[in-house]
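Visitor: Structure: entry-v9.cif, mmCIF, C-alpha atoms.
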```cif
data_protein
loop_
_atom_site.group_PDB
_atom_site.id
_atom_site.type_symbol
_atom_site.label_atom_id
_atom_site.label_comp_id
_atom_site.auth_asym_id
_atom_site.auth_seq_id
_atom_site.Cartn_x
_atom_site.Cartn_y
_atom_site.Cartn_z
ATOM 1 C CA GLN M 1 -11.338 16.498 -3.994
ATOM 2 C CA LEU M 2 -9.214 13.884 -2.304
ATOM 3 C CA GLN M 3 -7.889 11.233 -4.686
ATOM 4 C CA LEU M 4 -5.455 8.333 -4.621
ATOM 5 C CA VAL M 5 -4.251 6.814 -7.886
ATOM 6 C CA GLU M 6 -2.236 3.618 -8.039
ATOM 7 C CA SER M 7 0.058 2.658 -10.915
ATOM 8 C CA GLY M 8 2.942 0.324 -11.713
ATOM 9 C CA GLY M 9 1.106 -2.969 -11.855
ATOM 10 C CA GLY M 10 1.558 -5.498 -14.611
ATOM 11 C CA LEU M 11 2.611 -9.012 -15.511
ATOM 12 C CA VAL M 12 5.867 -10.291 -14.039
ATOM 13 C CA GLN M 13 7.523 -13.687 -13.804
ATOM 14 C CA PRO M 14 8.021 -15.419 -10.453
ATOM 15 C CA GLY M 15 11.104 -14.047 -8.762
ATOM 16 C CA GLY M 16 10.739 -10.701 -10.499
ATOM 17 C CA SER M 17 10.130 -7.212 -9.124
ATOM 18 C CA LEU M 18 7.654 -4.397 -9.508
ATOM 19 C CA ARG M 19 7.332 -0.978 -7.926
ATOM 20 C CA LEU M 20 3.858 0.353 -7.305
ATOM 21 C CA SER M 21 3.152 4.040 -6.850
ATOM 22 C CA CYS M 22 0.280 5.754 -5.090
ATOM 23 C CA VAL M 23 -0.061 9.399 -6.063
ATOM 24 C CA VAL M 24 -2.355 11.510 -3.917
ATOM 25 C CA SER M 25 -4.068 14.783 -4.713
ATOM 26 C CA GLY M 26 -6.495 17.075 -2.971
ATOM 27 C CA PHE M 27 -4.741 16.813 0.391
ATOM 28 C CA THR M 28 -1.310 17.173 1.961
ATOM 29 C CA LEU M 29 0.292 13.772 2.240
ATOM 30 C CA ASP M 30 2.352 14.887 5.262
ATOM 31 C CA TYR M 31 -0.624 14.396 7.591
ATOM 32 C CA TYR M 32 -1.726 10.964 6.461
ATOM 33 C CA VAL M 33 -0.780 7.390 7.168
ATOM 34 C CA ILE M 34 -0.896 5.270 4.004
ATOM 35 C CA GLY M 35 -1.607 1.588 3.665
ATOM 36 C CA TRP M 36 -1.263 -0.872 0.825
ATOM 37 C CA PHE M 37 -3.805 -3.667 0.474
ATOM 38 C CA ARG M 38 -4.448 -6.419 -2.021
ATOM 39 C CA GLN M 39 -7.376 -8.510 -3.083
ATOM 40 C CA ALA M 40 -7.127 -11.751 -5.011
ATOM 41 C CA PRO M 41 -10.143 -13.213 -6.847
ATOM 42 C CA GLY M 42 -12.561 -14.773 -4.402
ATOM 43 C CA LYS M 43 -10.645 -13.580 -1.360
ATOM 44 C CA GLU M 44 -10.975 -10.824 1.214
ATOM 45 C CA ARG M 45 -8.973 -7.637 0.855
ATOM 46 C CA GLU M 46 -5.910 -7.984 3.056
ATOM 47 C CA GLY M 47 -3.406 -5.521 4.438
ATOM 48 C CA VAL M 48 0.086 -5.679 2.987
ATOM 49 C CA SER M 49 1.931 -2.766 4.540
ATOM 50 C CA CYS M 50 1.494 0.684 6.038
ATOM 51 C CA ILE M 51 3.686 3.701 6.698
ATOM 52 C CA SER M 52 3.433 6.610 9.117
ATOM 53 C CA SER M 53 3.002 10.189 7.928
ATOM 54 C CA SER M 54 6.718 10.932 8.352
ATOM 55 C CA GLY M 55 7.856 7.610 6.928
ATOM 56 C CA GLY M 56 9.672 6.719 10.111
ATOM 57 C CA SER M 57 7.485 3.787 11.075
ATOM 58 C CA THR M 58 6.270 0.888 8.953
ATOM 59 C CA ASN M 59 4.433 -2.390 9.320
ATOM 60 C CA TYR M 60 4.234 -5.439 7.047
ATOM 61 C CA ALA M 61 2.116 -8.527 6.745
ATOM 62 C CA ASP M 62 4.083 -11.687 7.524
ATOM 63 C CA SER M 63 3.526 -12.935 3.979
ATOM 64 C CA VAL M 64 5.558 -10.071 2.480
ATOM 65 C CA LYS M 65 8.168 -9.344 5.163
ATOM 66 C CA GLY M 66 11.654 -9.335 3.726
ATOM 67 C CA ARG M 67 10.345 -9.035 0.156
ATOM 68 C CA PHE M 68 8.303 -5.807 0.032
ATOM 69 C CA ILE M 69 9.427 -2.325 1.037
ATOM 70 C CA ILE M 70 7.102 0.610 1.594
ATOM 71 C CA SER M 71 8.397 4.165 1.317
ATOM 72 C CA ARG M 72 7.107 7.656 0.719
ATOM 73 C CA ASP M 73 8.155 10.964 -0.770
ATOM 74 C CA ASN M 74 5.872 13.595 0.710
ATOM 75 C CA ALA M 75 7.329 16.289 -1.530
ATOM 76 C CA LYS M 76 6.076 14.297 -4.515
ATOM 77 C CA ASN M 77 2.812 13.299 -2.819
ATOM 78 C CA THR M 78 3.691 9.695 -3.570
ATOM 79 C CA VAL M 79 3.938 6.449 -1.637
ATOM 80 C CA TYR M 80 5.735 3.438 -3.113
ATOM 81 C CA LEU M 81 5.608 -0.291 -2.660
ATOM 82 C CA GLN M 82 8.716 -2.058 -3.923
ATOM 83 C CA MET M 83 7.892 -5.715 -4.442
ATOM 84 C CA ASN M 84 10.756 -8.177 -4.850
ATOM 85 C CA SER M 85 10.973 -11.957 -5.167
ATOM 86 C CA LEU M 86 7.393 -12.034 -6.356
ATOM 87 C CA LYS M 87 5.408 -15.254 -6.101
ATOM 88 C CA PRO M 88 2.263 -16.407 -7.921
ATOM 89 C CA GLU M 89 0.358 -15.989 -4.664
ATOM 90 C CA ASP M 90 1.113 -12.259 -4.776
ATOM 91 C CA THR M 91 -1.250 -11.979 -7.743
ATOM 92 C CA ALA M 92 -4.014 -9.544 -6.825
ATOM 93 C CA VAL M 93 -5.390 -6.069 -7.319
ATOM 94 C CA TYR M 94 -3.339 -3.730 -5.144
ATOM 95 C CA TYR M 95 -4.910 -0.711 -3.479
ATOM 96 C CA CYS M 96 -3.572 2.200 -1.485
ATOM 97 C CA ALA M 97 -5.570 3.874 1.257
ATOM 98 C CA ALA M 98 -5.235 6.952 3.454
ATOM 99 C CA ARG M 99 -6.177 8.022 6.953
ATOM 100 C CA SER M 100 -5.441 11.306 8.683
ATOM 101 C CA SER M 101 -2.829 10.651 11.372
ATOM 102 C CA THR M 102 0.455 12.237 12.405
ATOM 103 C CA ARG M 103 1.397 9.694 15.040
ATOM 104 C CA ALA M 104 5.088 8.901 15.022
ATOM 105 C CA ARG M 105 4.459 5.163 14.989
ATOM 106 C CA VAL M 106 1.975 3.229 12.901
ATOM 107 C CA GLN M 107 -0.805 1.591 14.852
ATOM 108 C CA PRO M 108 -1.287 -2.202 14.721
ATOM 109 C CA MET M 109 -4.693 -1.702 13.127
ATOM 110 C CA CYS M 110 -3.134 0.031 10.124
ATOM 111 C CA VAL M 111 -3.237 -3.288 8.283
ATOM 112 C CA PHE M 112 -7.016 -3.482 8.629
ATOM 113 C CA ARG M 113 -9.173 -1.992 5.881
ATOM 114 C CA THR M 114 -11.606 -0.387 8.352
ATOM 115 C CA TYR M 115 -8.803 1.893 9.592
ATOM 116 C CA TYR M 116 -8.838 3.933 6.384
ATOM 117 C CA ASP M 117 -11.112 6.641 5.061
ATOM 118 C CA TYR M 118 -9.968 7.026 1.471
ATOM 119 C CA TRP M 119 -9.159 4.486 -1.216
ATOM 120 C CA GLY M 120 -7.725 4.324 -4.691
ATOM 121 C CA GLN M 121 -9.128 2.272 -7.570
ATOM 122 C CA GLY M 122 -6.385 -0.337 -7.601
ATOM 123 C CA THR M 123 -3.770 -1.697 -9.982
ATOM 124 C CA GLN M 124 -3.513 -5.310 -11.153
ATOM 125 C CA VAL M 125 -0.407 -7.338 -10.365
ATOM 126 C CA THR M 126 -0.080 -10.744 -12.010
ATOM 127 C CA VAL M 127 2.813 -13.063 -11.205
ATOM 128 C CA SER M 128 2.998 -15.888 -13.713
ATOM 129 C CA SER M 129 5.433 -17.675 -15.971
#
```
Take the structure in the file and give it back as C-alpha cells.
Guide:
Amino acid sequence: QLQLVESGGGLVQPGGSLRLSCVVSGFTLDYYVIGWFRQAPGKEREGVSCISSSGGSTNYADSVKGRFIISRDNAKNTVYLQMNSLKPEDTAVYYCAARSSTRARVQPMCVFRTYYDYWGQGTQVTVSS
C-alpha cells in the first residue's frame, strides 16, 4: 500500500526555521516526482515546491524562492522541505504528494495539485510570535 507521511511541523516564531519530512512506503521513491503543497484556512491548496525523481531538478513558488529548499534522499525514502526565514503567511497545513515520473527535469505543472496521484495527510506549520 502506497503511503506518504509528513512530519516536522510545529509552532515557530517569525524568522525561524523548520524542516519537514515526507517519508514514503509501499513504492520505490526513485521513480517518483514529489511535490510539497500547503493549504491555509479558507484558501486553496497551493504548490510550494517539487523535485524530480533523481533530485537534479527543482521548482519553487515565487512566494518561497530563496527561503525554502527541497531535497530528497532516495535511500531513506524521504523528501525534505527546509523552510527558513518563516513568515506568518507561511502558516498552513503542508502536504507532500507523489507522481510516477523519471523525467530528468520537473515539469511546470508539478506545482499544480492535479498533477499528483498520491497524497499524505499533512502536517501543521504555524508561524507566530
Visitor: With distances taken over all atoms listed in the file, which residue among M:Ile51, M:Leu29, M:Leu20, M:Ala40 lies nearest Leu81 (chain M)?
Guide: M:Leu20
Visitor: Nearest residue to Arg99 (chain M) out of M:Gln121, M:Ser7, M:Thr126, M:Ser52, using all atoms listed in the file?
Guide: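 Checking each of M:Gln121, M:Ser7, M:Thr126, M:Ser52 against Arg99 (chain M), counting all atoms listed in the file, the winner is M:Ser52.
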Visitor: Which is closer to Val5 (chain M) than all the others in M:Gly122, M:Ala61, M:Ile34, M:Val93, using only C-alpha atoms?
Guide: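 Of the candidates, the smallest distance to Val5 (chain M) is held by M:Gly122.
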Visitor: Mind listing as a list in words all residues within 8 Å of (6.1, -15.5, -12.3), counting all atoms listed in the file?
Guide: Val12, Gln13, Pro14, Gly15, Gly16, Leu86, Lys87, Pro88, Thr126, Val127, Ser128 and Ser129 of chain M
Visitor: With a distance cut-off of 8 Å and all atoms listed in the file, select the neighbouring residues of Leu2 (chain M), excluding the residue or stretch itself and same-chain residues fewer than 3 positions from it, and output the selection as a list in words.
Guide: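 My reading of the contact set: Val24, Ser25, Gly26, Phe27 and Tyr118 of chain M.
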Visitor: Could you please take those selected residues and save C-alpha atoms as a PDB file, in the coordinates of the input?
Guide:
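The resulting file, again.pdb, is shown below:
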```
ATOM      1  CA  VAL M  24      -2.355  11.510  -3.917  1.00  0.00           C
ATOM      2  CA  SER M  25      -4.068  14.783  -4.713  1.00  0.00           C
ATOM      3  CA  GLY M  26      -6.495  17.075  -2.971  1.00  0.00           C
ATOM      4  CA  PHE M  27      -4.741  16.813   0.391  1.00  0.00           C
ATOM      5  CA  TYR M 118      -9.968   7.026   1.471  1.00  0.00           C
TER       6      TYR M 118
END
```
Visitor: Would you fill the gaps in region 63-98 of chain M so it has N, CA and C atoms, then print it as a PDB file, in the frame of the given file?
Guide:
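Below is the file rebuild-v5.pdb, written as the result:
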```pdb
ATOM      1  N   SER M  63       3.369 -12.317   5.293  1.00  0.00           N
ATOM      2  CA  SER M  63       3.526 -12.935   3.979  1.00  0.00           C
ATOM      3  C   SER M  63       4.447 -12.152   3.048  1.00  0.00           C
ATOM      4  N   VAL M  64       4.721 -10.878   3.373  1.00  0.00           N
ATOM      5  CA  VAL M  64       5.558 -10.071   2.480  1.00  0.00           C
ATOM      6  C   VAL M  64       6.828  -9.550   3.167  1.00  0.00           C
ATOM      7  N   LYS M  65       6.976  -9.820   4.442  1.00  0.00           N
ATOM      8  CA  LYS M  65       8.168  -9.344   5.163  1.00  0.00           C
ATOM      9  C   LYS M  65       9.439  -9.865   4.505  1.00  0.00           C
ATOM     10  N   GLY M  66      10.393  -8.963   4.336  1.00  0.00           N
ATOM     11  CA  GLY M  66      11.654  -9.335   3.726  1.00  0.00           C
ATOM     12  C   GLY M  66      11.638  -9.277   2.206  1.00  0.00           C
ATOM     13  N   ARG M  67      10.451  -9.103   1.623  1.00  0.00           N
ATOM     14  CA  ARG M  67      10.345  -9.035   0.156  1.00  0.00           C
ATOM     15  C   ARG M  67       9.820  -7.683  -0.326  1.00  0.00           C
ATOM     16  N   PHE M  68       8.924  -7.082   0.428  1.00  0.00           N
ATOM     17  CA  PHE M  68       8.303  -5.807   0.032  1.00  0.00           C
ATOM     18  C   PHE M  68       8.861  -4.684   0.908  1.00  0.00           C
ATOM     19  N   ILE M  69       8.971  -3.510   0.306  1.00  0.00           N
ATOM     20  CA  ILE M  69       9.427  -2.325   1.037  1.00  0.00           C
ATOM     21  C   ILE M  69       8.502  -1.164   0.720  1.00  0.00           C
ATOM     22  N   ILE M  70       7.955  -0.558   1.768  1.00  0.00           N
ATOM     23  CA  ILE M  70       7.102   0.610   1.594  1.00  0.00           C
ATOM     24  C   ILE M  70       7.929   1.858   1.881  1.00  0.00           C
ATOM     25  N   SER M  71       7.689   2.904   1.102  1.00  0.00           N
ATOM     26  CA  SER M  71       8.397   4.165   1.317  1.00  0.00           C
ATOM     27  C   SER M  71       7.510   5.305   0.832  1.00  0.00           C
ATOM     28  N   ARG M  72       7.915   6.525   1.141  1.00  0.00           N
ATOM     29  CA  ARG M  72       7.107   7.656   0.719  1.00  0.00           C
ATOM     30  C   ARG M  72       7.986   8.854   0.433  1.00  0.00           C
ATOM     31  N   ASP M  73       7.501   9.697  -0.462  1.00  0.00           N
ATOM     32  CA  ASP M  73       8.155  10.964  -0.770  1.00  0.00           C
ATOM     33  C   ASP M  73       7.065  12.018  -0.668  1.00  0.00           C
ATOM     34  N   ASN M  74       6.959  12.643   0.490  1.00  0.00           N
ATOM     35  CA  ASN M  74       5.872  13.595   0.710  1.00  0.00           C
ATOM     36  C   ASN M  74       5.956  14.798  -0.224  1.00  0.00           C
ATOM     37  N   ALA M  75       7.171  15.157  -0.621  1.00  0.00           N
ATOM     38  CA  ALA M  75       7.329  16.289  -1.530  1.00  0.00           C
ATOM     39  C   ALA M  75       6.706  15.995  -2.898  1.00  0.00           C
ATOM     40  N   LYS M  76       6.666  14.709  -3.243  1.00  0.00           N
ATOM     41  CA  LYS M  76       6.076  14.297  -4.515  1.00  0.00           C
ATOM     42  C   LYS M  76       4.659  13.758  -4.340  1.00  0.00           C
ATOM     43  N   ASN M  77       4.156  13.823  -3.110  1.00  0.00           N
ATOM     44  CA  ASN M  77       2.812  13.299  -2.819  1.00  0.00           C
ATOM     45  C   ASN M  77       2.650  11.845  -3.267  1.00  0.00           C
ATOM     46  N   THR M  78       3.680  11.059  -3.055  1.00  0.00           N
ATOM     47  CA  THR M  78       3.691   9.695  -3.570  1.00  0.00           C
ATOM     48  C   THR M  78       4.180   8.713  -2.512  1.00  0.00           C
ATOM     49  N   VAL M  79       3.514   7.572  -2.466  1.00  0.00           N
ATOM     50  CA  VAL M  79       3.938   6.449  -1.637  1.00  0.00           C
ATOM     51  C   VAL M  79       4.234   5.282  -2.569  1.00  0.00           C
ATOM     52  N   TYR M  80       5.290   4.531  -2.256  1.00  0.00           N
ATOM     53  CA  TYR M  80       5.735   3.438  -3.113  1.00  0.00           C
ATOM     54  C   TYR M  80       5.636   2.101  -2.384  1.00  0.00           C
ATOM     55  N   LEU M  81       5.501   1.069  -3.172  1.00  0.00           N
ATOM     56  CA  LEU M  81       5.608  -0.291  -2.660  1.00  0.00           C
ATOM     57  C   LEU M  81       6.529  -1.057  -3.597  1.00  0.00           C
ATOM     58  N   GLN M  82       7.756  -1.275  -3.152  1.00  0.00           N
ATOM     59  CA  GLN M  82       8.716  -2.058  -3.923  1.00  0.00           C
ATOM     60  C   GLN M  82       8.486  -3.529  -3.605  1.00  0.00           C
ATOM     61  N   MET M  83       8.204  -4.301  -4.631  1.00  0.00           N
ATOM     62  CA  MET M  83       7.892  -5.715  -4.442  1.00  0.00           C
ATOM     63  C   MET M  83       8.964  -6.551  -5.130  1.00  0.00           C
ATOM     64  N   ASN M  84       9.680  -7.333  -4.348  1.00  0.00           N
ATOM     65  CA  ASN M  84      10.756  -8.177  -4.850  1.00  0.00           C
ATOM     66  C   ASN M  84      10.428  -9.645  -4.622  1.00  0.00           C
ATOM     67  N   SER M  85      11.152 -10.506  -5.324  1.00  0.00           N
ATOM     68  CA  SER M  85      10.973 -11.957  -5.167  1.00  0.00           C
ATOM     69  C   SER M  85       9.494 -12.334  -5.240  1.00  0.00           C
ATOM     70  N   LEU M  86       8.830 -11.831  -6.248  1.00  0.00           N
ATOM     71  CA  LEU M  86       7.393 -12.034  -6.356  1.00  0.00           C
ATOM     72  C   LEU M  86       7.043 -13.492  -6.589  1.00  0.00           C
ATOM     73  N   LYS M  87       5.899 -13.873  -6.007  1.00  0.00           N
ATOM     74  CA  LYS M  87       5.408 -15.254  -6.101  1.00  0.00           C
ATOM     75  C   LYS M  87       4.022 -15.244  -6.763  1.00  0.00           C
ATOM     76  N   PRO M  88       3.615 -16.346  -7.321  1.00  0.00           N
ATOM     77  CA  PRO M  88       2.263 -16.407  -7.921  1.00  0.00           C
ATOM     78  C   PRO M  88       1.169 -16.020  -6.934  1.00  0.00           C
ATOM     79  N   GLU M  89       1.364 -16.327  -5.665  1.00  0.00           N
ATOM     80  CA  GLU M  89       0.358 -15.989  -4.664  1.00  0.00           C
ATOM     81  C   GLU M  89       0.290 -14.497  -4.354  1.00  0.00           C
ATOM     82  N   ASP M  90       1.192 -13.716  -4.904  1.00  0.00           N
ATOM     83  CA  ASP M  90       1.113 -12.259  -4.776  1.00  0.00           C
ATOM     84  C   ASP M  90       0.165 -11.645  -5.804  1.00  0.00           C
ATOM     85  N   THR M  91      -0.320 -12.461  -6.724  1.00  0.00           N
ATOM     86  CA  THR M  91      -1.250 -11.979  -7.743  1.00  0.00           C
ATOM     87  C   THR M  91      -2.520 -11.442  -7.105  1.00  0.00           C
ATOM     88  N   ALA M  92      -2.850 -10.198  -7.425  1.00  0.00           N
ATOM     89  CA  ALA M  92      -4.014  -9.544  -6.825  1.00  0.00           C
ATOM     90  C   ALA M  92      -4.146  -8.143  -7.410  1.00  0.00           C
ATOM     91  N   VAL M  93      -5.263  -7.504  -7.100  1.00  0.00           N
ATOM     92  CA  VAL M  93      -5.390  -6.069  -7.319  1.00  0.00           C
ATOM     93  C   VAL M  93      -4.857  -5.389  -6.067  1.00  0.00           C
ATOM     94  N   TYR M  94      -3.960  -4.426  -6.261  1.00  0.00           N
ATOM     95  CA  TYR M  94      -3.339  -3.730  -5.144  1.00  0.00           C
ATOM     96  C   TYR M  94      -3.938  -2.334  -5.013  1.00  0.00           C
ATOM     97  N   TYR M  95      -4.288  -1.985  -3.778  1.00  0.00           N
ATOM     98  CA  TYR M  95      -4.910  -0.711  -3.479  1.00  0.00           C
ATOM     99  C   TYR M  95      -4.082   0.063  -2.455  1.00  0.00           C
ATOM    100  N   CYS M  96      -4.103   1.391  -2.569  1.00  0.00           N
ATOM    101  CA  CYS M  96      -3.572   2.200  -1.485  1.00  0.00           C
ATOM    102  C   CYS M  96      -4.740   2.918  -0.806  1.00  0.00           C
ATOM    103  N   ALA M  97      -4.524   3.250   0.455  1.00  0.00           N
ATOM    104  CA  ALA M  97      -5.570   3.874   1.257  1.00  0.00           C
ATOM    105  C   ALA M  97      -4.944   4.895   2.197  1.00  0.00           C
ATOM    106  N   ALA M  98      -5.746   5.865   2.622  1.00  0.00           N
ATOM    107  CA  ALA M  98      -5.235   6.952   3.454  1.00  0.00           C
ATOM    108  C   ALA M  98      -6.131   7.199   4.662  1.00  0.00           C
TER     109      ALA M  98
END
```
